[in-house]
file upload.cif (mmCIF, C-alpha atoms)
data_coords
loop_
_atom_site.group_PDB
_atom_site.id
_atom_site.type_symbol
_atom_site.label_atom_id
_atom_site.label_comp_id
_atom_site.auth_asym_id
_atom_site.auth_seq_id
_atom_site.Cartn_x
_atom_site.Cartn_y
_atom_site.Cartn_z
ATOM 1 C CA MET A 1 84.978 92.637 101.374
ATOM 2 C CA LYS A 2 82.281 94.782 102.992
ATOM 3 C CA ILE A 3 82.782 96.525 106.341
ATOM 4 C CA LEU A 4 80.317 98.346 108.584
ATOM 5 C CA LEU A 5 81.908 101.151 110.610
ATOM 6 C CA VAL A 6 79.786 102.493 113.481
ATOM 7 C CA ASP A 7 81.361 105.511 115.190
ATOM 8 C CA ASP A 8 79.995 108.953 116.089
ATOM 9 C CA GLU A 9 83.402 110.670 116.071
ATOM 10 C CA ILE A 10 83.701 112.162 112.581
ATOM 11 C CA GLU A 11 87.367 112.979 113.284
ATOM 12 C CA LEU A 12 87.984 109.215 113.379
ATOM 13 C CA SER A 13 85.354 107.778 111.053
ATOM 14 C CA ASP A 14 86.223 110.056 108.091
ATOM 15 C CA PRO A 15 89.958 109.231 107.811
ATOM 16 C CA LEU A 16 89.344 105.602 108.768
ATOM 17 C CA SER A 17 86.700 105.108 106.094
ATOM 18 C CA ARG A 18 88.962 106.753 103.499
ATOM 19 C CA ILE A 19 91.903 104.491 104.247
ATOM 20 C CA LEU A 20 89.670 101.398 104.238
ATOM 21 C CA LEU A 21 88.345 102.430 100.823
ATOM 22 C CA GLN A 22 91.912 102.947 99.608
ATOM 23 C CA GLU A 23 92.716 99.415 100.755
ATOM 24 C CA GLY A 24 89.945 98.105 98.498
ATOM 25 C CA TYR A 25 87.164 97.497 101.035
ATOM 26 C CA GLN A 26 83.537 98.559 100.679
ATOM 27 C CA VAL A 27 82.536 100.645 103.695
ATOM 28 C CA ASP A 28 79.158 101.627 105.146
ATOM 29 C CA ILE A 29 79.180 104.202 107.952
ATOM 30 C CA ALA A 30 76.688 104.841 110.752
ATOM 31 C CA ASP A 31 77.120 107.633 113.330
ATOM 32 C CA ASN A 32 74.682 106.283 115.916
ATOM 33 C CA GLY A 33 73.957 102.921 117.444
ATOM 34 C CA ALA A 34 70.334 102.582 116.320
ATOM 35 C CA VAL A 35 71.219 102.942 112.629
ATOM 36 C CA GLY A 36 74.283 100.761 113.104
ATOM 37 C CA MET A 37 72.218 97.975 114.625
ATOM 38 C CA GLU A 38 69.653 98.157 111.826
ATOM 39 C CA LEU A 39 72.375 97.889 109.168
ATOM 40 C CA ALA A 40 74.178 95.073 110.990
ATOM 41 C CA LEU A 41 70.967 93.026 111.207
ATOM 42 C CA LYS A 42 69.611 93.691 107.709
ATOM 43 C CA SER A 43 72.733 93.754 105.530
ATOM 44 C CA GLN A 44 75.498 91.217 105.047
ATOM 45 C CA TYR A 45 78.983 92.316 106.121
ATOM 46 C CA ASP A 46 82.367 90.653 106.368
ATOM 47 C CA LEU A 47 83.354 92.722 109.423
ATOM 48 C CA LEU A 48 81.709 95.043 111.964
ATOM 49 C CA VAL A 49 83.883 97.801 113.453
ATOM 50 C CA LEU A 50 82.016 99.219 116.444
ATOM 51 C CA ASP A 51 82.727 102.094 118.783
ATOM 52 C CA TRP A 52 81.712 101.163 122.329
ATOM 53 C CA MET A 53 80.075 104.451 123.376
ATOM 54 C CA LEU A 54 77.422 105.523 120.851
ATOM 55 C CA PRO A 55 74.210 107.550 120.919
ATOM 56 C CA GLY A 56 71.044 105.437 120.716
ATOM 57 C CA LYS A 57 72.596 102.006 121.205
ATOM 58 C CA SER A 58 76.044 101.150 122.497
ATOM 59 C CA GLY A 59 78.467 99.002 120.546
ATOM 60 C CA LEU A 60 78.067 96.404 123.259
ATOM 61 C CA GLU A 61 74.287 96.304 122.675
ATOM 62 C CA ILE A 62 74.792 96.030 118.911
ATOM 63 C CA CYS A 63 77.191 93.127 119.365
ATOM 64 C CA ARG A 64 74.851 91.286 121.726
ATOM 65 C CA GLU A 65 71.879 91.796 119.410
ATOM 66 C CA VAL A 66 73.845 90.591 116.372
ATOM 67 C CA ARG A 67 74.940 87.451 118.200
ATOM 68 C CA SER A 68 71.383 86.814 119.453
ATOM 69 C CA HIS A 69 70.341 86.566 115.793
ATOM 70 C CA SER A 70 73.055 83.936 115.183
ATOM 71 C CA ILE A 71 75.048 86.324 112.988
ATOM 72 C CA ASP A 72 78.701 85.312 113.271
ATOM 73 C CA THR A 73 80.256 88.280 111.421
ATOM 74 C CA PRO A 74 83.561 89.208 113.138
ATOM 75 C CA VAL A 75 83.315 92.219 115.470
ATOM 76 C CA LEU A 76 86.173 94.606 116.255
ATOM 77 C CA PHE A 77 85.580 97.054 119.124
ATOM 78 C CA LEU A 78 87.150 100.532 119.114
ATOM 79 C CA THR A 79 86.996 102.028 122.583
ATOM 80 C CA ALA A 80 88.644 104.183 125.211
ATOM 81 C CA LYS A 81 87.606 101.600 127.814
ATOM 82 C CA ASP A 82 90.717 99.632 128.692
ATOM 83 C CA THR A 83 90.110 97.869 132.001
ATOM 84 C CA ILE A 84 90.128 94.093 132.260
ATOM 85 C CA ASP A 85 86.419 94.132 133.151
ATOM 86 C CA ASP A 86 85.632 96.142 130.024
ATOM 87 C CA ARG A 87 87.585 93.712 127.851
ATOM 88 C CA VAL A 88 85.800 90.765 129.437
ATOM 89 C CA ASP A 89 82.403 92.418 128.870
ATOM 90 C CA GLY A 90 83.233 92.974 125.214
ATOM 91 C CA LEU A 91 84.460 89.442 124.634
ATOM 92 C CA ASP A 92 81.506 87.970 126.528
ATOM 93 C CA ALA A 93 79.170 89.953 124.276
ATOM 94 C CA GLY A 94 80.695 88.171 121.290
ATOM 95 C CA ALA A 95 83.458 90.513 120.123
ATOM 96 C CA ASP A 96 86.422 88.991 118.299
ATOM 97 C CA ASP A 97 88.980 91.735 118.901
ATOM 98 C CA TYR A 98 89.446 94.913 120.860
ATOM 99 C CA LEU A 99 91.478 98.039 120.035
ATOM 100 C CA VAL A 100 91.933 100.795 122.623
ATOM 101 C CA LYS A 101 91.876 104.444 121.533
ATOM 102 C CA PRO A 102 94.073 106.169 120.568
ATOM 103 C CA PHE A 103 95.606 103.724 118.115
ATOM 104 C CA GLU A 104 97.705 103.746 114.960
ATOM 105 C CA LEU A 105 95.735 103.301 111.734
ATOM 106 C CA ARG A 106 98.237 100.721 110.509
ATOM 107 C CA GLU A 107 97.563 98.614 113.612
ATOM 108 C CA LEU A 108 93.821 98.811 112.951
ATOM 109 C CA LEU A 109 94.365 97.736 109.328
ATOM 110 C CA ALA A 110 96.419 94.768 110.535
ATOM 111 C CA ARG A 111 93.596 93.753 112.902
ATOM 112 C CA VAL A 112 91.055 94.135 110.078
ATOM 113 C CA ARG A 113 93.113 91.931 107.741
ATOM 114 C CA ALA A 114 93.588 89.299 110.446
ATOM 115 C CA LEU A 115 89.850 89.105 111.247
ATOM 116 C CA LEU A 116 88.900 88.910 107.566
ATOM 117 C CA ARG A 117 91.487 86.169 106.960
ATOM 118 C CA ARG A 118 90.261 84.216 109.971
ATOM 119 C CA ASN A 119 86.656 84.486 108.863
ATOM 120 C CA SER A 120 87.561 83.467 105.313
ATOM 121 C CA SER A 121 89.495 80.406 106.485
ATOM 122 C CA GLU A 122 86.582 79.315 108.676
ATOM 123 C CA THR A 123 84.128 79.523 105.765
ATOM 124 C CA ASN A 124 83.823 76.509 103.504
ATOM 125 C CA ILE A 125 85.466 77.229 100.190
ATOM 126 C CA SER A 126 83.053 76.969 97.315
ATOM 127 C CA ASP A 127 83.911 74.291 94.761
ATOM 128 C CA ARG A 128 84.127 77.106 92.218
ATOM 129 C CA LEU A 129 85.353 80.655 92.621
ATOM 130 C CA LYS A 130 84.809 83.305 89.944
ATOM 131 C CA VAL A 131 86.271 86.733 89.169
ATOM 132 C CA ALA A 132 85.284 88.307 85.837
ATOM 133 C CA ASP A 133 85.616 85.500 83.247
ATOM 134 C CA LEU A 134 88.153 83.561 85.328
ATOM 135 C CA GLU A 135 86.835 80.533 87.227
ATOM 136 C CA LEU A 136 88.652 78.193 89.585
ATOM 137 C CA ASP A 137 87.652 74.611 90.328
ATOM 138 C CA VAL A 138 89.478 74.216 93.642
ATOM 139 C CA GLU A 139 88.852 70.504 94.116
ATOM 140 C CA ASN A 140 90.076 69.490 90.658
ATOM 141 C CA GLN A 141 92.889 72.079 90.499
ATOM 142 C CA LEU A 142 91.663 73.549 87.214
ATOM 143 C CA ALA A 143 91.139 77.144 86.180
ATOM 144 C CA TYR A 144 88.909 78.219 83.311
ATOM 145 C CA ARG A 145 89.238 81.414 81.288
ATOM 146 C CA ARG A 146 86.388 81.926 78.843
ATOM 147 C CA GLY A 147 85.605 78.247 79.192
ATOM 148 C CA LYS A 148 89.100 77.048 78.324
ATOM 149 C CA ALA A 149 90.631 74.732 80.934
ATOM 150 C CA ILE A 150 94.018 75.646 82.445
ATOM 151 C CA ASP A 151 96.105 73.121 84.413
ATOM 152 C CA LEU A 152 97.609 74.498 87.614
ATOM 153 C CA SER A 153 100.147 73.207 90.114
ATOM 154 C CA GLU A 154 99.124 72.745 93.755
ATOM 155 C CA LYS A 155 100.872 75.967 94.817
ATOM 156 C CA GLU A 156 99.339 77.889 91.903
ATOM 157 C CA VAL A 157 95.872 76.692 92.936
ATOM 158 C CA LYS A 158 96.502 77.735 96.519
ATOM 159 C CA LEU A 159 97.740 81.181 95.463
ATOM 160 C CA LEU A 160 94.887 81.756 93.027
ATOM 161 C CA THR A 161 92.349 80.622 95.647
ATOM 162 C CA TYR A 162 93.789 83.149 98.105
ATOM 163 C CA PHE A 163 93.657 85.925 95.499
ATOM 164 C CA MET A 164 90.072 85.107 94.482
ATOM 165 C CA GLN A 165 88.825 84.875 98.067
ATOM 166 C CA HIS A 166 90.215 88.395 98.619
ATOM 167 C CA ARG A 167 89.145 89.968 95.341
ATOM 168 C CA ASP A 168 90.131 93.643 94.941
ATOM 169 C CA GLN A 169 92.044 93.521 98.226
ATOM 170 C CA LEU A 170 95.750 94.237 98.610
ATOM 171 C CA LEU A 171 97.543 91.147 99.918
ATOM 172 C CA THR A 172 100.995 91.966 101.233
ATOM 173 C CA HIS A 173 104.064 89.865 100.505
ATOM 174 C CA GLU A 174 104.161 88.815 104.172
ATOM 175 C CA GLU A 175 100.508 87.708 104.173
ATOM 176 C CA ILE A 176 100.964 85.645 101.017
ATOM 177 C CA TYR A 177 104.147 83.997 102.280
ATOM 178 C CA SER A 178 102.444 83.104 105.567
ATOM 179 C CA TYR A 179 99.455 81.629 103.714
ATOM 180 C CA LEU A 180 101.395 79.612 101.125
ATOM 181 C CA TRP A 181 104.185 78.301 103.306
ATOM 182 C CA GLN A 182 102.505 78.273 106.754
ATOM 183 C CA ALA A 183 104.447 75.614 108.698
ATOM 184 C CA GLU A 184 107.153 75.263 106.080
ATOM 185 C CA GLU A 185 110.381 77.193 105.963
ATOM 186 C CA GLN A 186 109.684 80.259 103.843
ATOM 187 C CA PRO A 187 111.666 80.413 100.592
ATOM 188 C CA SER A 188 113.731 83.325 99.293
ATOM 189 C CA SER A 189 111.959 86.545 98.343
ATOM 190 C CA ASN A 190 112.106 85.969 94.574
ATOM 191 C CA VAL A 191 110.157 82.691 94.749
ATOM 192 C CA LEU A 192 106.813 84.464 95.194
ATOM 193 C CA ALA A 193 107.482 86.802 92.253
ATOM 194 C CA ALA A 194 108.333 83.787 90.087
ATOM 195 C CA LEU A 195 105.165 81.965 91.179
ATOM 196 C CA VAL A 196 102.999 84.998 90.372
ATOM 197 C CA ARG A 197 104.700 85.333 86.985
ATOM 198 C CA LEU A 198 103.945 81.682 86.137
ATOM 199 C CA LEU A 199 100.339 82.071 87.280
ATOM 200 C CA ARG A 200 99.896 85.167 85.142
ATOM 201 C CA ARG A 201 101.171 83.343 82.067
ATOM 202 C CA LYS A 202 98.540 80.679 82.578
ATOM 203 C CA VAL A 203 95.441 82.667 83.487
ATOM 204 C CA GLU A 204 95.850 85.970 81.671
ATOM 205 C CA ILE A 205 95.123 86.586 77.991
ATOM 206 C CA LYS A 206 97.490 88.565 75.793
ATOM 207 C CA GLY A 207 96.015 91.915 74.834
ATOM 208 C CA GLU A 208 93.420 91.802 77.619
ATOM 209 C CA ALA A 209 93.453 93.816 80.870
ATOM 210 C CA GLN A 210 95.471 92.268 83.678
ATOM 211 C CA LEU A 211 93.699 90.444 86.487
ATOM 212 C CA ILE A 212 96.677 90.090 88.837
ATOM 213 C CA HIS A 213 98.084 93.518 89.669
ATOM 214 C CA THR A 214 101.418 94.250 91.308
ATOM 215 C CA VAL A 215 101.276 96.882 94.032
ATOM 216 C CA TYR A 216 104.932 97.848 94.001
ATOM 217 C CA GLY A 217 106.739 97.512 97.289
ATOM 218 C CA LYS A 218 103.678 96.044 98.993
ATOM 219 C CA GLY A 219 102.159 92.967 97.352
ATOM 220 C CA TYR A 220 99.490 91.938 94.863
ATOM 221 C CA ARG A 221 95.805 92.470 94.161
ATOM 222 C CA LEU A 222 93.466 90.457 91.963
ATOM 223 C CA GLY A 223 90.636 92.248 90.196
ATOM 224 C CA ASN A 224 89.401 93.297 86.776
ATOM 225 C CA SER A 225 90.151 96.967 87.315
#
call {"tool": "encode", "arguments": {"input": "upload.cif", "output": "structure tokens"}}
result
Amino acid sequence: MKILLVDDEIELSDPLSRILLQEGYQVDIADNGAVGMELALKSQYDLLVLDWMLPGKSGLEICREVRSHSIDTPVLFLTAKDTIDDRVDGLDAGADDYLVKPFELRELLARVRALLRRNSSETNISDRLKVADLELDVENQLAYRRGKAIDLSEKEVKLLTYFMQHRDQLLTHEEIYSYLWQAEEQPSSNVLAALVRLLRRKVEIKGEAQLIHTVYGKGYRLGNS
């Protein structure tokens, strides 16, 4: 997942970019609106995080310009402006969410995850997903590792799809439970661990590096490193 952060306050952009990198995101940073707009229009991002007040071009101008080019990348505004009129202006410009400074970094991370999930769910899932030498045929509920077919249950397919759509990204236990058992009553806490264990047995190769990593106390991450 690739994020563009446009903010001229180094006291905010530095720690924010570091924590986003620690969470497994790729991050590009711009400290003025003109550069931010150029990057937003020329490069492909999964999320734009824009400060409202910027030298050169405002975040509001960047958002309007992006939307005028039919780019539907989610936009999260960071701003000290907190009046109703300001919020309306931001949303009318095409913003998806709005976070008023000062804010807690964990709240920003939650907003980032929510916007990326929403955008992912609104994008048509490719018939085949691929991470390293692992492929998933979503429609036919089959995984392939080095060309060898692996039968999966419906829940295993859904879990693996979620992992592969969020490659190299930490998915918390709560996020996975909400995704797998949306309208259903959520099962006991050990059910997810058992499901991951079964999935690992099927898709991982003995003696090879793990693809599904446990982030103890937090959740899981799929990736080849």
call {"tool": "closest_residue", "arguments": {"input": "upload.cif", "among": "A:Ile84, A:Ala34, A:Leu99, A:Leu116", "to": "Lys2 (chain A)", "atoms": "all atoms listed in the file"}}
result
A:Leu116
call {"tool": "closest_residue", "arguments": {"input": "upload.cif", "among": "A:Arg146, A:Arg18, A:Tyr25, A:Leu50", "to": "Leu5 (chain A)", "atoms": "all atoms listed in the file"}}
result
A:Leu50
call {"tool": "resolve_selection", "arguments": {"input": "upload.cif", "expression": "the PyMOL selection byres ((chain A and resi 52-63) around 6)", "output": "list in words"}}
result
Asn32, Gly33, Ala34, Met37, Leu50, Asp51, Arg64, Glu65, Val66 and Thr79 of chain A
call {"tool": "resolve_selection", "arguments": {"input": "upload.cif", "expression": "the PyMOL selection byres ((chain A and resi 210) around 9)", "output": "JSON, numbers by chain"}}
result
{"A": [200, 204, 205, 206, 207, 208, 209, 211, 212, 213, 222, 223, 224, 225]}
call {"tool": "resolve_selection", "arguments": {"input": "upload.cif", "expression": "the PyMOL selection byres ((chain A and resi 110) around 12)", "output": "list in words"}}
result
Leu20, Glu23, Leu76, Asp97, Leu99, Phe103, Glu104, Leu105, Arg106, Glu107, Leu108, Leu109, Arg111, Val112, Arg113, Ala114, Leu115, Leu116, Arg117, Leu170, Leu171, Thr172, Glu174 and Glu175 of chain A
call {"tool": "atom_distance", "arguments": {"input": "upload.cif", "atom1": "CA of Ala132 (chain A)", "atom2": "CA of Leu48 (chain A)"}}
result
27.2 Å
call {"tool": "atom_distance", "arguments": {"input": "upload.cif", "atom1": "CA of Val215 (chain A)", "atom2": "CA of Lys158 (chain A)"}}
result
19.9 Å
call {"tool": "closest_residue", "arguments": {"input": "upload.cif", "among": "A:Ala93, A:Leu21, A:Ala80, A:Ile10", "to": "Gln169 (chain A)", "atoms": "all atoms listed in the file"}}
result
A:Leu21
call {"tool": "atom_distance", "arguments": {"input": "upload.cif", "atom1": "CA of Met1 (chain A)", "atom2": "CA of Ile150 (chain A)"}}
result
27.0 Å
call {"tool": "closest_residue", "arguments": {"input": "upload.cif", "among": "A:Lys155, A:Arg118, A:His173, A:Lys101", "to": "Leu47 (chain A)", "atoms": "all atoms listed in the file"}}
result
A:Arg118
call {"tool": "closest_residue", "arguments": {"input": "upload.cif", "among": "A:Val100, A:Leu198, A:Leu180, A:Val203", "to": "Leu136 (chain A)", "atoms": "only C-alpha atoms"}}
result
A:Val203
call {"tool": "residues_near_point", "arguments": {"input": "upload.cif", "point": "(96.5, 80.1, 95.1)", "cutoff": "10 Å", "atoms": "only C-alpha atoms", "output": "PyMOL selection string"}}
result
chain A and resi 136+138+141+152-165+176+179-180+195-196+199
call {"tool": "residues_around", "arguments": {"input": "upload.cif", "residues": "Ser43 (chain A)", "least_positions_apart": "3", "cutoff": "10 Å", "atoms": "only C-alpha atoms", "output": "ChimeraX atom specification"}}
result
/A:2,4,38-40
call {"tool": "closest_residue", "arguments": {"input": "upload.cif", "among": "A:Ile3, A:Leu16, A:Val27, A:Ile71", "to": "Leu41 (chain A)", "atoms": "all atoms listed in the file"}}
result
A:Ile71
call {"tool": "axis_aligned_box", "arguments": {"input": "upload.cif", "around": "region 65-69 of chain A", "padding_each_side": "6 Å", "output": "lines of an AutoDock Vina configuration file"}}
result
center_x = 72.6
center_y = 89.2
center_z = 117.6
size_x = 16.6
size_y = 17.2
size_z = 15.7
